[in-house]
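The next block holds one structure in the form of structure tokens; read it before the comments.
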Amino acid sequence: MFSSGNVTSRVFERQIRSSPPGASVNRARKFYENLVPSHTLYDVECPDHCFRKFTEDGLFLISFSRNHQELIVYRPSWLTYTSDSDDTLPPLPRRAPRFDSFFTHLYSVNLASANELICKDFFLYFPSRRFGLFATSTAQIHDSAPSPGAVPGVPSIDKITFVLLRLDDGVVLDERVFLHDFVNLAYNMGVFMYDDLLAILSLRYQKIHLLQIRDSGHLVDARAIGYFCREDDELFLNSSSQAMMTSQDKNKQQNREDDAATISQPDAENSFLSGIKQRLLSFIFREIWNEESDNTMRVQNLKKKFYFHFQDYVDLIIWKVQFLDRHHLLIKFGSVDGGVGRNADHLPAFFAVYNMETTDIVAFYQNSAEDLYQLFEQFSDHFTVSSSSPFMNFVTSHSNSVHALEQLKYLKNKSNSFSQFVKKMLVSLPFSCQSQSPSPYFDQSLFRFDEKLISAADRHRQSSDNPIKFISRRKPETLKFKIKPGPECGSADGRSKKICSFLFHPHLPLAISIQQTLFMPPSVVNIHFRR
């Protein structure tokens with residue numbers, strides 16, 4: 001099939017032969033071997049904005065102003081022109097190397113107010129209703145004063161505002177404000193979206209806020225998981241505390257509201273552990289208890305594995321969370337240092353699967369657990385796919401691509417310690433939401449490229465002066481196209497460290513490369529497209 005690789009023959013083949021069941025999209029994606037962004041416009045005339053990403057459906061390009069106050073939204077429109085030249089490849093018009101030749105400005109909206117700034121690394125897209133979720137915040141306070149219920153050592157942000165906006169017209173639909181809290185907004189790490197559900201992790205107060213995005217554009221509180229697990233836990237504890245009051249406490253009745261607030265947000269002197277921590281300790285206890293059938297051995301086992309490490313388990317905090325489905329959460333626990341530090345790879349960590357309906361922990365793993373790694377290797381799509389968008393279902397992983405699996409096995413065999421390899425691979429769990437590009441040019445069944453220089457992951461990378469080559473997977477010696485960030489003739493200053501980011505359209509042969517130095521002078525923006 002498709003032996004010639006010619007577009008005309010592929011179209012003819014598609015007309016006379018039907019695809020196998022469930023393979024129509026994969027077959028259609030093979031056309032991208034012929035439809036590639038083979039032409040580059042270097043250093044285009046471009047507004048000085050922070051370009052974030054294309055939405056999953058490719059309808060919008062999200063960007064922010066340099067002062068982090070405004071949201072600027074564009075619509076990809078492509079370059080159109082006429083020519084009377086007889087050449088097979090007519091010359092481009094004079095206006096071609098301009099940003100507005102490929103993108104139409106839709107609107108600009110001021111999202112930040114007063115001393116808040118837009119978090120340029122945070123954006124989530126709700127494709128079914130074309131809603132966008134943005135975040136603004138004030139400056140981070142590292143040495144914040146302790147407050148009841150707050151985890152010591154976690155910084156504080158005076159105000160964090162999540163803004164739900166309709167991208168079709170730029171209308172703000174709803175907002176949710178968190179005061180004196182800390183949510184990790186970098187690359188969506190502290191927020192996860194699954195269909196119409198939203199999980200926001202408060203690191204400072206160790207609470208998972210579950211919200212529902214209604215079709216009307218309202219953010220509705222579903223529940224909060226942390227100190228309480230069920231909706232009526234707070235009511236039960238408050239009623240129990242009132243029933244235990246004695247006649248000697250009559251002079252304190254006017255402070256009953258303050259006492260209830262203390263139960264809602266416990267301080268360090270409160271004897272209660274949080275609900276999620278109690279569920280975790282109960283599960284660990286039962287798992288160790290069931291390892292032995294003899295009661296004497298059970299007691300010895302509990303002393304070694306549970307009571308000896310009891311305080312370590314108590315001190316664990318939630319680092320990150322993601323949905324596995326509408327009823328289960330994957331929660332990562334670790335020390336306070338790892339929750340707010342940038343490099344926590346060397347710190348011990350644990351993973352728990354939490355059932356939101358029964359409020360039970362159903363599985364618990366250390367970050368070196370081989371059985372968890374086997375699940376990750378075989379079913380990694382279950383960890384990454386969290387969107388109803390059809391484009392996101394075809395992001396390459398080692399559970400749906402033999403080429404990615406071969407590369408993973410190569411790294412496994414190359415590793416000196418399998419335990420360290422497992423830890424390194426499980427560092428990415430839980431996955432950040434919408435952190436990968438669905439572009440077919442990152443499909444490893446179609447193209448081969450250097451993942452050290454470019455990949456589907458939404459991250460800045462160190463820039464290279466050499467072009468990034470995309471080689472045909474079907475014909476290993478055939479170069480399909482090249483992507484070169486920065487000026488066409490290379491940078492004159494070779495001493496300054498440059499970083500670059502790549503924005504690929506999800507289904508058009510169109511990409512943007514953005515190169516800048518660490519000191520943030522004007523960026524060099526190149527547009528790569530099919531001519």
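In the structure tokens, chains take letters A, B, ... by order of appearance, with residues numbered from 1 within each chain and ligands from 1 in the order shown.
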Practice task
DSSP on the backbone, then: every residue of region 401-451 of chain A marked helix (DSSP H, G or I), written as a ChimeraX atom specification.
Solution key: /A:402-414,418-426,440-442
Exercise for the section: Using only C-alpha atoms, pick whichever of A:Leu133, A:Leu203, A:Val36, A:Ile483 has the shortest atom-to-atom distance to Ile527 (chain A). Expected result: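 For Ile527 (chain A), the nearest of the candidates is A:Ile483.
With only C-alpha atoms taken into account, the protein and nucleic acid residues at most 6 Å from region 506-512 of chain A (excluding it and anything under 6 positions from it in its own chain) are Val36, Pro37, Gly58, Pro438, Ser439, Asn526, Ile527, His528, Phe529 and Arg530 of chain A.
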Exercise for the section: Just give me the gap between CA of Arg326 (chain A) and CA of Ile288 (chain A) in Å, one decimal is fine. Expected result: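 A separation of 29.0 Å between them.
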Problem - For Ser455 (chain A), the nearest of the candidates A:Phe470, A:Tyr107, A:Phe54, A:Phe383, counting only C-alpha atoms - result: A:Phe470
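Within region 368-487 of chain A, the backbone-based DSSP assignment of strand (DSSP E or B) covers Gln436, Phe447, Arg448, Ala457, Arg461, Gln462, Ile468, Lys469, Phe470, Ile471, Ser472, Leu479, Lys480, Phe481, Lys482 and Ile483 of chain A.
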Residues of the last selection are to be written out with N, CA, C and O atoms, as a PDB file, in the first residue's frame.
```pdb
ATOM      1  N   GLN A 436       1.279  18.084  25.619  1.00  0.00           N
ATOM      2  CA  GLN A 436       1.899  17.553  24.418  1.00  0.00           C
ATOM      3  C   GLN A 436       1.154  18.021  23.179  1.00  0.00           C
ATOM      4  O   GLN A 436      -0.065  18.200  23.203  1.00  0.00           O
ATOM      5  N   PHE A 447       7.714   9.923  11.167  1.00  0.00           N
ATOM      6  CA  PHE A 447       8.963  10.679  11.090  1.00  0.00           C
ATOM      7  C   PHE A 447       9.904  10.287  12.229  1.00  0.00           C
ATOM      8  O   PHE A 447       9.459   9.881  13.315  1.00  0.00           O
ATOM      9  N   ARG A 448      11.167  10.448  11.954  1.00  0.00           N
ATOM     10  CA  ARG A 448      12.213  10.241  12.955  1.00  0.00           C
ATOM     11  C   ARG A 448      12.962  11.562  13.130  1.00  0.00           C
ATOM     12  O   ARG A 448      13.323  12.219  12.158  1.00  0.00           O
ATOM     13  N   ALA A 457       6.530  17.440  23.621  1.00  0.00           N
ATOM     14  CA  ALA A 457       6.368  18.020  24.955  1.00  0.00           C
ATOM     15  C   ALA A 457       6.396  19.545  24.891  1.00  0.00           C
ATOM     16  O   ALA A 457       7.156  20.137  24.131  1.00  0.00           O
ATOM     17  N   ARG A 461      13.514  24.606  24.915  1.00  0.00           N
ATOM     18  CA  ARG A 461      14.702  23.788  24.736  1.00  0.00           C
ATOM     19  C   ARG A 461      15.879  24.670  24.349  1.00  0.00           C
ATOM     20  O   ARG A 461      15.694  25.766  23.820  1.00  0.00           O
ATOM     21  N   GLN A 462      17.060  24.172  24.629  1.00  0.00           N
ATOM     22  CA  GLN A 462      18.249  24.907  24.224  1.00  0.00           C
ATOM     23  C   GLN A 462      18.346  24.918  22.702  1.00  0.00           C
ATOM     24  O   GLN A 462      18.211  23.887  22.046  1.00  0.00           O
ATOM     25  N   ILE A 468      16.953  21.217  12.476  1.00  0.00           N
ATOM     26  CA  ILE A 468      16.435  19.957  13.010  1.00  0.00           C
ATOM     27  C   ILE A 468      15.816  19.180  11.861  1.00  0.00           C
ATOM     28  O   ILE A 468      14.914  19.670  11.181  1.00  0.00           O
ATOM     29  N   LYS A 469      16.294  17.964  11.644  1.00  0.00           N
ATOM     30  CA  LYS A 469      15.879  17.176  10.489  1.00  0.00           C
ATOM     31  C   LYS A 469      14.765  16.203  10.856  1.00  0.00           C
ATOM     32  O   LYS A 469      14.813  15.550  11.901  1.00  0.00           O
ATOM     33  N   PHE A 470      13.777  16.121   9.974  1.00  0.00           N
ATOM     34  CA  PHE A 470      12.694  15.149  10.092  1.00  0.00           C
ATOM     35  C   PHE A 470      12.864  14.134   8.960  1.00  0.00           C
ATOM     36  O   PHE A 470      12.685  14.465   7.778  1.00  0.00           O
ATOM     37  N   ILE A 471      13.223  12.909   9.338  1.00  0.00           N
ATOM     38  CA  ILE A 471      13.528  11.851   8.383  1.00  0.00           C
ATOM     39  C   ILE A 471      12.302  10.949   8.242  1.00  0.00           C
ATOM     40  O   ILE A 471      11.609  10.648   9.222  1.00  0.00           O
ATOM     41  N   SER A 472      12.045  10.508   7.023  1.00  0.00           N
ATOM     42  CA  SER A 472      10.939   9.586   6.781  1.00  0.00           C
ATOM     43  C   SER A 472      11.179   8.265   7.495  1.00  0.00           C
ATOM     44  O   SER A 472      12.267   7.686   7.393  1.00  0.00           O
ATOM     45  N   LEU A 479      15.156  12.669   3.632  1.00  0.00           N
ATOM     46  CA  LEU A 479      14.889  13.851   4.447  1.00  0.00           C
ATOM     47  C   LEU A 479      13.602  14.502   3.952  1.00  0.00           C
ATOM     48  O   LEU A 479      13.502  14.896   2.789  1.00  0.00           O
ATOM     49  N   LYS A 480      12.604  14.622   4.854  1.00  0.00           N
ATOM     50  CA  LYS A 480      11.320  15.186   4.456  1.00  0.00           C
ATOM     51  C   LYS A 480      11.298  16.707   4.597  1.00  0.00           C
ATOM     52  O   LYS A 480      10.833  17.411   3.718  1.00  0.00           O
ATOM     53  N   PHE A 481      11.789  17.216   5.706  1.00  0.00           N
ATOM     54  CA  PHE A 481      11.858  18.670   5.879  1.00  0.00           C
ATOM     55  C   PHE A 481      12.775  18.988   7.048  1.00  0.00           C
ATOM     56  O   PHE A 481      13.172  18.097   7.816  1.00  0.00           O
ATOM     57  N   LYS A 482      13.127  20.275   7.169  1.00  0.00           N
ATOM     58  CA  LYS A 482      14.004  20.748   8.235  1.00  0.00           C
ATOM     59  C   LYS A 482      13.363  21.952   8.925  1.00  0.00           C
ATOM     60  O   LYS A 482      12.669  22.739   8.292  1.00  0.00           O
ATOM     61  N   ILE A 483      13.614  22.064  10.213  1.00  0.00           N
ATOM     62  CA  ILE A 483      13.163  23.204  11.011  1.00  0.00           C
ATOM     63  C   ILE A 483      14.398  23.876  11.589  1.00  0.00           C
ATOM     64  O   ILE A 483      15.167  23.244  12.325  1.00  0.00           O
TER      65      ILE A 483
END
```
Exercise for the section: Using only C-alpha atoms, find the one residue out of A:Leu281, A:Leu124, A:Ile514, A:Ala186 that sits nearest to Val44 (chain A). Expected result: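 Answer, going by the shortest atom-to-atom distance: A:Ile514.
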Handout entry: Residues near Ile284 (chain A), cut-off 12 Å, only C-alpha atoms, skip fewer than 2 positions along chain, as JSON, numbers by chain
Key = {"A": [277, 278, 279, 280, 281, 282, 286, 287, 288, 289, 290, 291, 301, 302, 305, 306, 307, 309, 310, 313, 314, 350, 352, 360, 361, 362, 363, 364, 365, 366]}
Practice task
For region 222-227 of chain A, work out the shell of residues within 7 Å, counting only C-alpha atoms and skipping chain neighbours fewer than 3 positions away, then give it as JSON, numbers by chain.
Solution key: {"A": [206, 207, 208, 209, 210, 211, 212, 231, 274, 275, 276]}
Practice task
Using only C-alpha atoms, pick whichever of A:Phe192, A:Leu79, A:Val340, A:Asp174 has the shortest atom-to-atom distance to Arg95 (chain A).
Solution key: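 Among A:Phe192, A:Leu79, A:Val340, A:Asp174, it is A:Leu79 that comes nearest to Arg95 (chain A).
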Exercise for the section: Using only C-alpha atoms, find the one residue out of A:Asp458, A:Pro90, A:Ile157, A:Arg474 that sits nearest to Cys500 (chain A). Expected result: A:Asp458
Problem - 12 Å contact set for Pro348 (chain A), only C-alpha atoms, chain neighbours under 6 positions out, as a list in words - result: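 Here the qualifying residues turn out to be Asp312, Tyr313, Leu316, Ile317, Trp319, Lys332, Phe333, Gly334, Ser335, Val336, Asp337, Gly338, Gly339, Tyr365, Gln366, Asn367, Ser368, Ala369, Gln420, Lys423, Lys424, Leu426 and Val427 of chain A.
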Those same residues, written as an mmCIF file, in the first residue's frame with C-alpha atoms?
```cif
data_model
loop_
_atom_site.group_PDB
_atom_site.id
_atom_site.type_symbol
_atom_site.label_atom_id
_atom_site.label_comp_id
_atom_site.auth_asym_id
_atom_site.auth_seq_id
_atom_site.Cartn_x
_atom_site.Cartn_y
_atom_site.Cartn_z
ATOM 1 C CA ASP A 312 7.498 9.640 57.477
ATOM 2 C CA TYR A 313 4.067 8.710 56.126
ATOM 3 C CA LEU A 316 3.991 13.299 53.291
ATOM 4 C CA ILE A 317 2.260 16.039 51.326
ATOM 5 C CA TRP A 319 2.786 17.075 45.149
ATOM 6 C CA LYS A 332 1.731 11.848 44.046
ATOM 7 C CA PHE A 333 3.024 12.235 47.615
ATOM 8 C CA GLY A 334 6.432 13.349 48.822
ATOM 9 C CA SER A 335 8.280 15.669 51.177
ATOM 10 C CA VAL A 336 7.694 19.411 51.459
ATOM 11 C CA ASP A 337 11.000 20.149 49.696
ATOM 12 C CA GLY A 338 9.937 18.225 46.605
ATOM 13 C CA GLY A 339 6.529 19.880 46.442
ATOM 14 C CA TYR A 365 3.245 2.448 45.062
ATOM 15 C CA GLN A 366 6.732 3.751 45.743
ATOM 16 C CA ASN A 367 8.418 5.576 42.871
ATOM 17 C CA SER A 368 10.701 2.570 42.323
ATOM 18 C CA ALA A 369 7.857 0.025 42.077
ATOM 19 C CA GLN A 420 17.091 4.053 38.997
ATOM 20 C CA LYS A 423 12.472 6.154 39.125
ATOM 21 C CA LYS A 424 13.573 8.239 36.156
ATOM 22 C CA LEU A 426 8.043 7.538 36.769
ATOM 23 C CA VAL A 427 9.179 11.117 37.455
#
```
Practice task
Work out how far CA of Val183 (chain A) is from CA of Cys119 (chain A), in Å to one decimal.
Solution key: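 Between CA of Cys119 (chain A) and CA of Val183 (chain A) the gap is 11.5 Å.
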Exercise for the section: May I ask which of the residues A:Cys46, A:Leu273, A:Val191, A:Leu324 is the closest one to Phe99 (chain A), counting only C-alpha atoms? Expected result: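 Result for the nearest residue to Phe99 (chain A): A:Cys46.
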